[in-house]
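S.K.: Below you'll find protein_17.txt; it's compact mmCIF, C-alpha atoms.
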```
# COMPACT_ATOMS: atom_id res chain seq x y z
CA MET Q 925 17.71 2.34 -7.52
CA GLU Q 926 19.30 3.28 -4.22
CA ASN Q 927 21.99 5.21 -6.12
CA ILE Q 928 19.45 7.56 -7.65
CA LYS Q 929 19.62 10.89 -5.83
CA HIS Q 930 16.50 12.94 -5.22
CA SER Q 931 16.21 16.67 -4.72
CA HIS Q 932 13.88 19.60 -5.28
CA VAL Q 933 15.01 22.31 -7.67
CA GLU Q 934 13.32 25.71 -7.68
CA VAL Q 935 12.25 26.72 -11.17
CA LYS Q 936 10.42 30.03 -11.64
CA GLY Q 937 8.89 29.80 -8.18
CA LEU Q 938 7.94 26.11 -8.38
CA LYS Q 939 9.87 23.32 -6.69
CA LEU Q 940 10.34 20.41 -9.06
CA HIS Q 941 11.21 16.93 -7.86
CA VAL Q 942 14.36 15.75 -9.65
CA ALA Q 943 15.86 12.24 -9.76
CA GLU Q 944 19.46 11.98 -10.89
CA ILE Q 945 22.25 9.43 -11.31
CA GLY Q 946 25.62 9.47 -13.05
CA THR Q 947 28.44 11.97 -13.29
CA GLY Q 948 29.19 12.08 -17.00
CA GLU Q 949 29.93 15.35 -18.75
CA LYS Q 950 27.03 14.78 -21.16
CA THR Q 951 23.51 15.04 -19.73
CA VAL Q 952 20.42 13.08 -20.72
CA LEU Q 953 17.08 14.55 -19.60
CA PHE Q 954 13.97 12.34 -19.49
CA LEU Q 955 10.39 13.64 -19.76
CA HIS Q 956 7.47 11.46 -18.65
CA GLY Q 957 3.89 11.25 -19.90
CA PHE Q 958 0.65 10.10 -18.26
CA PRO Q 959 -0.02 8.02 -16.18
CA GLU Q 960 3.72 8.01 -15.71
CA ILE Q 961 6.08 9.87 -13.43
CA TRP Q 962 9.89 10.15 -13.05
CA TYR Q 963 9.88 6.48 -11.96
CA THR Q 964 8.81 5.36 -15.44
CA TRP Q 965 12.46 5.90 -16.47
CA ARG Q 966 13.94 3.77 -13.67
CA TYR Q 967 15.59 1.29 -16.04
CA GLN Q 968 16.81 3.91 -18.50
CA LEU Q 969 18.28 6.20 -15.82
CA ILE Q 970 20.54 3.44 -14.51
CA ALA Q 971 21.52 2.14 -17.96
CA VAL Q 972 22.37 5.58 -19.31
CA ALA Q 973 24.36 6.45 -16.19
CA ASN Q 974 26.27 3.17 -16.46
CA ALA Q 975 27.08 4.12 -20.07
CA GLY Q 976 28.84 7.26 -18.83
CA TYR Q 977 26.14 9.91 -18.95
CA ARG Q 978 24.55 12.13 -16.33
CA ALA Q 979 20.91 11.00 -16.29
CA ILE Q 980 18.09 13.20 -14.96
CA ALA Q 981 14.35 12.57 -14.77
CA TYR Q 982 11.85 14.77 -12.99
CA ASP Q 983 8.19 15.10 -12.15
CA SER Q 984 6.70 17.79 -14.36
CA ARG Q 985 4.87 20.58 -12.58
CA GLY Q 986 1.59 19.33 -11.16
CA TYR Q 987 2.80 15.72 -11.16
CA GLY Q 988 4.09 13.59 -8.30
CA LEU Q 989 6.29 15.43 -5.82
CA SER Q 990 6.55 18.64 -7.85
CA ASP Q 991 4.58 21.77 -7.05
CA HIS Q 992 1.35 22.67 -8.82
CA PRO Q 993 1.23 25.96 -10.73
CA ALA Q 994 -1.16 28.59 -9.43
CA GLU Q 995 -3.70 28.17 -12.25
CA PRO Q 996 -3.40 24.65 -13.66
CA GLU Q 997 -6.48 25.02 -15.87
CA LYS Q 998 -4.63 27.63 -17.95
CA ALA Q 999 -1.56 25.45 -18.56
CA THR Q 1000 -0.51 24.05 -21.95
CA SER Q 1001 2.30 21.89 -23.28
CA LEU Q 1002 4.23 25.09 -24.06
CA ASP Q 1003 4.48 25.73 -20.31
CA LEU Q 1004 6.29 22.40 -20.00
CA VAL Q 1005 8.54 23.31 -22.94
CA HIS Q 1006 9.60 26.47 -21.12
CA GLU Q 1007 9.92 24.45 -17.92
CA VAL Q 1008 12.57 22.24 -19.54
CA LYS Q 1009 14.68 25.28 -20.44
CA ASP Q 1010 14.18 26.86 -17.02
CA LEU Q 1011 15.12 23.63 -15.23
CA LEU Q 1012 18.29 23.33 -17.28
CA ASP Q 1013 19.15 26.94 -16.46
CA SER Q 1014 18.62 26.25 -12.75
CA LEU Q 1015 20.91 23.22 -12.98
CA GLY Q 1016 23.54 25.12 -14.94
CA ILE Q 1017 23.21 22.85 -17.99
CA SER Q 1018 23.44 24.48 -21.40
CA LYS Q 1019 22.72 21.52 -23.70
CA VAL Q 1020 21.22 18.04 -23.32
CA PHE Q 1021 20.20 14.87 -25.04
CA LEU Q 1022 16.40 14.89 -24.60
CA ILE Q 1023 14.19 11.81 -24.25
CA GLY Q 1024 10.39 11.96 -23.98
CA LYS Q 1025 7.56 9.43 -23.82
CA ASP Q 1026 3.84 9.87 -24.55
CA SER Q 1027 2.86 13.47 -23.72
CA GLY Q 1028 6.48 13.93 -22.66
CA ALA Q 1029 7.30 13.20 -26.32
CA ILE Q 1030 5.03 16.07 -27.40
CA VAL Q 1031 6.98 18.40 -25.12
CA ALA Q 1032 10.36 16.91 -26.08
CA ASN Q 1033 9.66 17.48 -29.78
CA LEU Q 1034 8.78 21.11 -29.19
CA VAL Q 1035 11.82 22.00 -27.05
CA PRO Q 1036 14.28 22.03 -29.99
CA VAL Q 1037 11.75 24.06 -31.99
CA VAL Q 1038 11.49 26.76 -29.33
CA TYR Q 1039 15.01 26.44 -27.87
CA PRO Q 1040 17.16 24.93 -30.65
CA GLU Q 1041 20.40 25.77 -28.86
CA THR Q 1042 19.39 23.61 -25.89
CA VAL Q 1043 18.99 20.17 -27.50
CA ALA Q 1044 21.82 18.12 -29.04
CA SER Q 1045 19.60 15.22 -30.09
CA LEU Q 1046 16.16 13.82 -29.42
CA ILE Q 1047 14.63 10.42 -28.67
CA THR Q 1048 10.87 9.97 -28.39
CA LEU Q 1049 8.71 6.96 -27.58
CA GLY Q 1050 5.05 6.23 -28.22
CA ILE Q 1051 4.05 9.47 -29.95
CA PRO Q 1052 5.58 11.13 -33.02
CA PHE Q 1053 5.94 14.87 -33.58
CA MET Q 1054 2.65 16.59 -32.86
CA ASN Q 1055 1.95 20.32 -32.90
CA PRO Q 1056 -0.85 21.05 -30.39
CA GLY Q 1057 -4.00 22.53 -31.90
CA PRO Q 1058 -7.53 21.59 -32.98
CA SER Q 1059 -6.30 18.98 -35.48
CA ALA Q 1060 -3.60 17.39 -33.31
CA ILE Q 1061 -5.85 14.39 -32.60
CA GLN Q 1062 -8.87 14.00 -34.86
CA ASN Q 1063 -11.35 13.07 -32.14
CA ASP Q 1064 -14.26 13.44 -34.54
CA LEU Q 1065 -13.06 10.42 -36.50
CA LEU Q 1066 -13.30 8.18 -33.43
CA PRO Q 1067 -16.38 7.17 -31.41
CA LYS Q 1068 -17.55 9.74 -28.88
CA GLY Q 1069 -16.48 7.36 -26.09
CA PHE Q 1070 -12.82 7.81 -27.13
CA TYR Q 1071 -10.84 8.24 -23.92
CA ILE Q 1072 -9.25 11.56 -24.90
CA THR Q 1073 -12.65 13.02 -25.82
CA ARG Q 1074 -14.03 11.86 -22.46
CA TRP Q 1075 -11.07 13.24 -20.48
CA GLN Q 1076 -11.22 16.57 -22.30
CA GLU Q 1077 -14.71 17.15 -20.89
CA PRO Q 1078 -14.34 19.18 -17.66
CA GLY Q 1079 -15.31 17.21 -14.60
CA ARG Q 1080 -15.99 13.91 -16.35
CA ALA Q 1081 -12.69 12.15 -15.64
CA GLU Q 1082 -12.68 13.59 -12.12
CA ALA Q 1083 -16.04 11.94 -11.44
CA ASP Q 1084 -14.94 8.72 -13.12
CA PHE Q 1085 -11.62 8.49 -11.25
CA GLY Q 1086 -13.23 9.64 -8.01
CA ARG Q 1087 -15.11 6.33 -7.70
CA PHE Q 1088 -11.81 4.57 -7.03
CA ASP Q 1089 -8.69 5.01 -4.97
CA VAL Q 1090 -5.62 6.37 -6.75
CA LYS Q 1091 -3.90 3.00 -6.90
CA SER Q 1092 -6.89 1.46 -8.68
CA VAL Q 1093 -6.98 4.29 -11.22
CA ILE Q 1094 -3.30 3.81 -12.08
CA ARG Q 1095 -3.77 0.03 -12.24
CA ASN Q 1096 -6.75 0.39 -14.56
CA ILE Q 1097 -5.04 2.84 -16.91
CA TYR Q 1098 -1.83 0.81 -17.10
CA ILE Q 1099 -3.73 -2.32 -18.02
CA LEU Q 1100 -6.00 -0.57 -20.55
CA PHE Q 1101 -3.17 1.36 -22.18
CA SER Q 1102 -0.97 -1.75 -22.45
CA LYS Q 1103 -3.36 -3.20 -25.02
CA SER Q 1104 -3.25 -2.67 -28.77
CA GLU Q 1105 -6.77 -1.22 -28.99
CA VAL Q 1106 -7.74 2.39 -28.33
CA PRO Q 1107 -9.77 2.67 -25.10
CA VAL Q 1108 -13.34 3.59 -26.10
CA ALA Q 1109 -16.33 3.52 -23.75
CA ASN Q 1110 -19.95 2.87 -24.67
CA ASP Q 1111 -22.57 5.55 -24.06
CA ASP Q 1112 -23.50 3.98 -20.72
CA GLN Q 1113 -19.89 3.58 -19.59
CA GLU Q 1114 -17.00 5.65 -18.33
CA ILE Q 1115 -13.39 4.80 -19.19
CA MET Q 1116 -12.76 3.16 -15.82
CA ASP Q 1117 -15.68 0.83 -16.52
CA LEU Q 1118 -13.66 -0.77 -19.33
CA PHE Q 1119 -11.40 -2.36 -16.74
CA ASN Q 1120 -12.03 -5.98 -15.81
CA PRO Q 1121 -11.02 -6.47 -12.14
CA SER Q 1122 -9.90 -10.02 -12.89
CA THR Q 1123 -7.27 -8.80 -15.38
CA PRO Q 1124 -3.78 -8.99 -13.86
CA LEU Q 1125 -1.10 -6.34 -14.20
CA PRO Q 1126 1.20 -6.80 -17.19
CA PRO Q 1127 4.02 -9.20 -16.27
CA TRP Q 1128 6.59 -6.42 -16.62
CA PHE Q 1129 4.78 -4.10 -14.16
CA SER Q 1130 4.88 -5.29 -10.55
CA GLU Q 1131 2.71 -4.50 -7.55
CA GLU Q 1132 5.76 -2.70 -6.15
CA ASP Q 1133 5.91 -0.53 -9.28
CA LEU Q 1134 2.21 0.21 -8.92
CA THR Q 1135 2.69 1.20 -5.29
CA VAL Q 1136 5.41 3.68 -6.23
CA TYR Q 1137 3.26 5.25 -8.94
CA ALA Q 1138 0.25 5.43 -6.64
CA SER Q 1139 2.21 7.05 -3.81
CA LEU Q 1140 3.30 9.84 -6.16
CA TYR Q 1141 -0.13 10.44 -7.68
CA GLU Q 1142 -1.68 10.40 -4.21
CA LYS Q 1143 0.48 13.47 -3.59
CA SER Q 1144 -0.40 15.31 -6.80
CA GLY Q 1145 -3.78 13.98 -7.83
CA PHE Q 1146 -4.83 14.14 -11.48
CA ARG Q 1147 -5.83 17.80 -11.82
CA PHE Q 1148 -2.81 18.96 -13.80
CA ALA Q 1149 -2.43 15.69 -15.72
CA LEU Q 1150 -5.94 16.07 -17.13
CA GLN Q 1151 -5.14 19.62 -18.24
CA VAL Q 1152 -1.75 18.78 -19.77
CA PRO Q 1153 -1.87 16.92 -22.03
CA TYR Q 1154 -5.57 16.26 -22.56
CA ARG Q 1155 -7.58 19.45 -22.14
CA SER Q 1156 -4.90 21.69 -23.57
CA LEU Q 1157 -4.17 19.49 -26.58
CA THR Q 1158 -6.52 21.49 -28.82
CA VAL Q 1159 -4.98 24.86 -27.87
CA GLU Q 1160 -2.92 26.31 -30.73
CA SER Q 1161 0.79 26.30 -29.93
CA GLY Q 1162 1.40 29.41 -32.00
CA LEU Q 1163 4.37 27.68 -33.66
CA ILE Q 1164 4.37 28.29 -37.41
CA ASP Q 1165 6.08 25.71 -39.64
CA PRO Q 1166 7.85 24.00 -36.73
CA LYS Q 1167 10.97 21.97 -37.53
CA VAL Q 1168 13.09 19.70 -35.34
CA ASN Q 1169 16.53 20.04 -36.89
CA VAL Q 1170 18.53 17.82 -34.53
CA PRO Q 1171 19.22 14.09 -35.00
CA ALA Q 1172 16.14 12.24 -33.77
CA LEU Q 1173 15.02 8.69 -33.01
CA LEU Q 1174 11.42 7.52 -32.61
CA ILE Q 1175 10.90 4.18 -30.86
CA MET Q 1176 7.48 2.59 -31.33
CA GLY Q 1177 6.09 -0.68 -30.04
CA GLU Q 1178 4.36 -2.52 -32.88
CA GLU Q 1179 1.37 -3.14 -30.57
CA ASP Q 1180 1.09 0.47 -29.38
CA TYR Q 1181 -2.58 1.49 -29.41
CA CYS Q 1182 -1.57 4.94 -30.71
CA PHE Q 1183 -1.17 3.37 -34.15
CA LYS Q 1184 -4.99 3.16 -34.15
CA PHE Q 1185 -5.42 6.93 -33.91
CA PRO Q 1186 -6.82 8.28 -37.23
CA GLY Q 1187 -3.98 8.65 -39.74
CA MET Q 1188 -1.28 7.94 -37.16
CA GLU Q 1189 0.14 4.73 -38.61
CA ASP Q 1190 0.45 6.21 -42.10
CA TYR Q 1191 1.92 9.43 -40.69
CA ILE Q 1192 4.70 7.44 -39.03
CA ARG Q 1193 5.33 4.57 -41.45
CA SER Q 1194 5.12 6.61 -44.66
CA GLY Q 1195 7.63 9.12 -43.36
CA VAL Q 1196 5.28 12.12 -43.51
CA VAL Q 1197 6.45 12.90 -39.97
CA LYS Q 1198 9.83 13.80 -41.49
CA ILE Q 1199 8.29 17.01 -42.80
CA PHE Q 1200 8.59 18.17 -39.19
CA VAL Q 1201 11.57 16.04 -38.10
CA PRO Q 1202 13.82 15.74 -41.18
CA ASN Q 1203 16.61 13.80 -39.43
CA LEU Q 1204 14.31 11.17 -37.92
CA GLU Q 1205 15.05 7.47 -37.68
CA THR Q 1206 12.17 5.21 -36.59
CA ILE Q 1207 12.62 1.81 -34.97
CA TYR Q 1208 9.75 -0.60 -34.30
CA ILE Q 1209 9.87 -3.16 -31.50
CA PRO Q 1210 7.81 -6.32 -32.18
CA GLU Q 1211 5.16 -7.00 -29.52
CA GLY Q 1212 5.98 -3.67 -27.90
CA SER Q 1213 3.13 -1.86 -26.17
CA HIS Q 1214 2.68 1.84 -25.41
CA PHE Q 1215 4.96 1.23 -22.40
CA VAL Q 1216 7.71 -0.40 -24.43
CA HIS Q 1217 10.50 1.13 -22.31
CA GLU Q 1218 9.17 -0.68 -19.23
CA GLN Q 1219 8.09 -3.81 -21.09
CA PHE Q 1220 11.41 -4.36 -22.90
CA PRO Q 1221 13.91 -2.19 -21.00
CA GLU Q 1222 17.02 -3.98 -22.25
CA LYS Q 1223 16.04 -3.54 -25.90
CA VAL Q 1224 15.12 0.11 -25.42
CA ASN Q 1225 18.22 0.85 -23.34
CA LYS Q 1226 20.42 -0.62 -26.08
CA LEU Q 1227 18.73 1.52 -28.74
CA ILE Q 1228 19.03 4.64 -26.62
CA ILE Q 1229 22.70 4.17 -25.77
CA GLU Q 1230 23.67 3.24 -29.33
CA PHE Q 1231 21.97 6.39 -30.58
CA LEU Q 1232 23.45 8.64 -27.89
CA ASP Q 1233 26.95 7.31 -28.45
CA LYS Q 1234 26.80 8.47 -32.08
CA GLN Q 1235 25.92 12.07 -31.12
CA THR Q 1236 28.02 15.08 -30.21
CA ILE Q 1237 27.12 17.88 -27.85
```
What is this file in structure tokens?

M.R.:
Amino acid sequence: MENIKHSHVEVKGLKLHVAEIGTGEKTVLFLHGFPEIWYTWRYQLIAVANAGYRAIAYDSRGYGLSDHPAEPEKATSLDLVHEVKDLLDSLGISKVFLIGKDSGAIVANLVPVVYPETVASLITLGIPFMNPGPSAIQNDLLPKGFYITRWQEPGRAEADFGRFDVKSVIRNIYILFSKSEVPVANDDQEIMDLFNPSTPLPPWFSEEDLTVYASLYEKSGFRFALQVPYRSLTVESGLIDPKVNVPALLIMGEEDYCFKFPGMEDYIRSGVVKIFVPNLETIYIPEGSHFVHEQFPEKVNKLIIEFLDKQTI
């Protein structure tokens, strides 16, 4: 970890916090989701660098040590798509291998659609191709206490989270989202009420890890994270008939709660997702949770490096 270099890179007037290791000619760029941050890729950064690549992860705008945009409530995932291209331009990188997790996977899938010349290949974890819009997640087919529905309601998550310190919020979400069931609250509950204080952290997520996450979210808060992905997820992307035409790998933990989203398991397992990502290979990791890259880093690192080593740039 001490060999990871940190800097701030100015991108269209915003300073983005960038973590980097490795000096290879080929670059791998990692995109995080929520409640994650650049640090979520700590194992993958080192492994990919050791395999001969230049590995870069960064805090998206509004997250961690990166600047907030002027009007976060107007932001969408497309802003983060453009941010990837602008960051690469600022770093003088013309083409990358792109890896995204959770909402970072939504962004990662859209980058080769909008900027096909920028991406050599794509790896996503936890969420398959998804084009933002009203039907991206069919909230109406889940109980009204569904966590995304709750967090899409302005002010509700802020009030819920505000009852706890930042570290407790991250702890609660990590524990809840590590399970195989979709977090759903009763009418008289908020999402944070689903957490049982006696439940320990997952064995693969230490108190030290939690402290790092908390220190970064104490800097940024949750304002932008609630907007992107959650509150902007229903905003039409404007992308008509999107196609990801680069080689792609989707890594899913078999116990990922996202399989319980309406239609999601069939969408992935039946291969319907290949309508949008024709060159997609999907690999399932037994017992893997939504945080499979932190839970089983050696397995995921091996899959990533084997896939990258087969690609050209």

S.K.: Compare Q:Arg1095, Q:Arg978, Q:Lys1025, Q:Lys929 by their minimum atom-to-atom distance to Asp1133 of chain Q, counting only C-alpha atoms, and give me the closest one.

M.R.: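 Closest residue, counting only C-alpha atoms: Q:Arg1095.
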
S.K.: As a list in words, please: the residues near Val1196 of chain Q (cut-off 12 Å, all atoms listed in the file, same-chain neighbours under 6 positions excluded).

M.R.: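 My list of contacting residues is Pro1052, Phe1053, Met1054, Gly1187, Met1188, Glu1189, Asp1190, Pro1202, Leu1204 and Thr1206 of chain Q.
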
S.K.: Within 7 Å of (25.8, 10.8, -19.1), in the coordinates the file gives, what residues turn up when you count only C-alpha atoms, written out as a list in words?

M.R.: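 Residues with an atom at most 7 Å from (25.8, 10.8, -19.1): Gly946, Thr947, Gly948, Glu949, Lys950, Thr951, Val952, Val972, Ala973, Ala975, Gly976, Tyr977, Arg978 and Ala979 of chain Q.
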
S.K.: Which residues come within 10 Å of segment 1213-1215 of chain Q, counting only C-alpha atoms, excluding same-chain residues fewer than 5 positions away, as an mmCIF file with C-alpha atoms, in the frame of the given file?

M.R.:
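This is the output file around-v4.cif:
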```
data_model
loop_
_atom_site.group_PDB
_atom_site.id
_atom_site.type_symbol
_atom_site.label_atom_id
_atom_site.label_comp_id
_atom_site.auth_asym_id
_atom_site.auth_seq_id
_atom_site.Cartn_x
_atom_site.Cartn_y
_atom_site.Cartn_z
ATOM 1 C CA GLU Q 960 3.720 8.010 -15.710
ATOM 2 C CA THR Q 964 8.810 5.360 -15.440
ATOM 3 C CA LYS Q 1025 7.560 9.430 -23.820
ATOM 4 C CA ASP Q 1026 3.840 9.870 -24.550
ATOM 5 C CA LEU Q 1049 8.710 6.960 -27.580
ATOM 6 C CA GLY Q 1050 5.050 6.230 -28.220
ATOM 7 C CA ILE Q 1051 4.050 9.470 -29.950
ATOM 8 C CA TYR Q 1098 -1.830 0.810 -17.100
ATOM 9 C CA PHE Q 1101 -3.170 1.360 -22.180
ATOM 10 C CA SER Q 1102 -0.970 -1.750 -22.450
ATOM 11 C CA LYS Q 1103 -3.360 -3.200 -25.020
ATOM 12 C CA SER Q 1104 -3.250 -2.670 -28.770
ATOM 13 C CA TRP Q 1128 6.590 -6.420 -16.620
ATOM 14 C CA PHE Q 1129 4.780 -4.100 -14.160
ATOM 15 C CA MET Q 1176 7.480 2.590 -31.330
ATOM 16 C CA GLY Q 1177 6.090 -0.680 -30.040
ATOM 17 C CA GLU Q 1178 4.360 -2.520 -32.880
ATOM 18 C CA GLU Q 1179 1.370 -3.140 -30.570
ATOM 19 C CA ASP Q 1180 1.090 0.470 -29.380
ATOM 20 C CA TYR Q 1181 -2.580 1.490 -29.410
ATOM 21 C CA CYS Q 1182 -1.570 4.940 -30.710
ATOM 22 C CA PHE Q 1183 -1.170 3.370 -34.150
ATOM 23 C CA PHE Q 1220 11.410 -4.360 -22.900
ATOM 24 C CA PRO Q 1221 13.910 -2.190 -21.000
#
```

S.K.: What does the structure give for the distance between atom CA of Asn1063 of chain Q and atom CA of His992 of chain Q, in Å to one decimal?

M.R.: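 For atom CA of Asn1063 of chain Q relative to atom CA of His992 of chain Q, the distance reads 28.2 Å.
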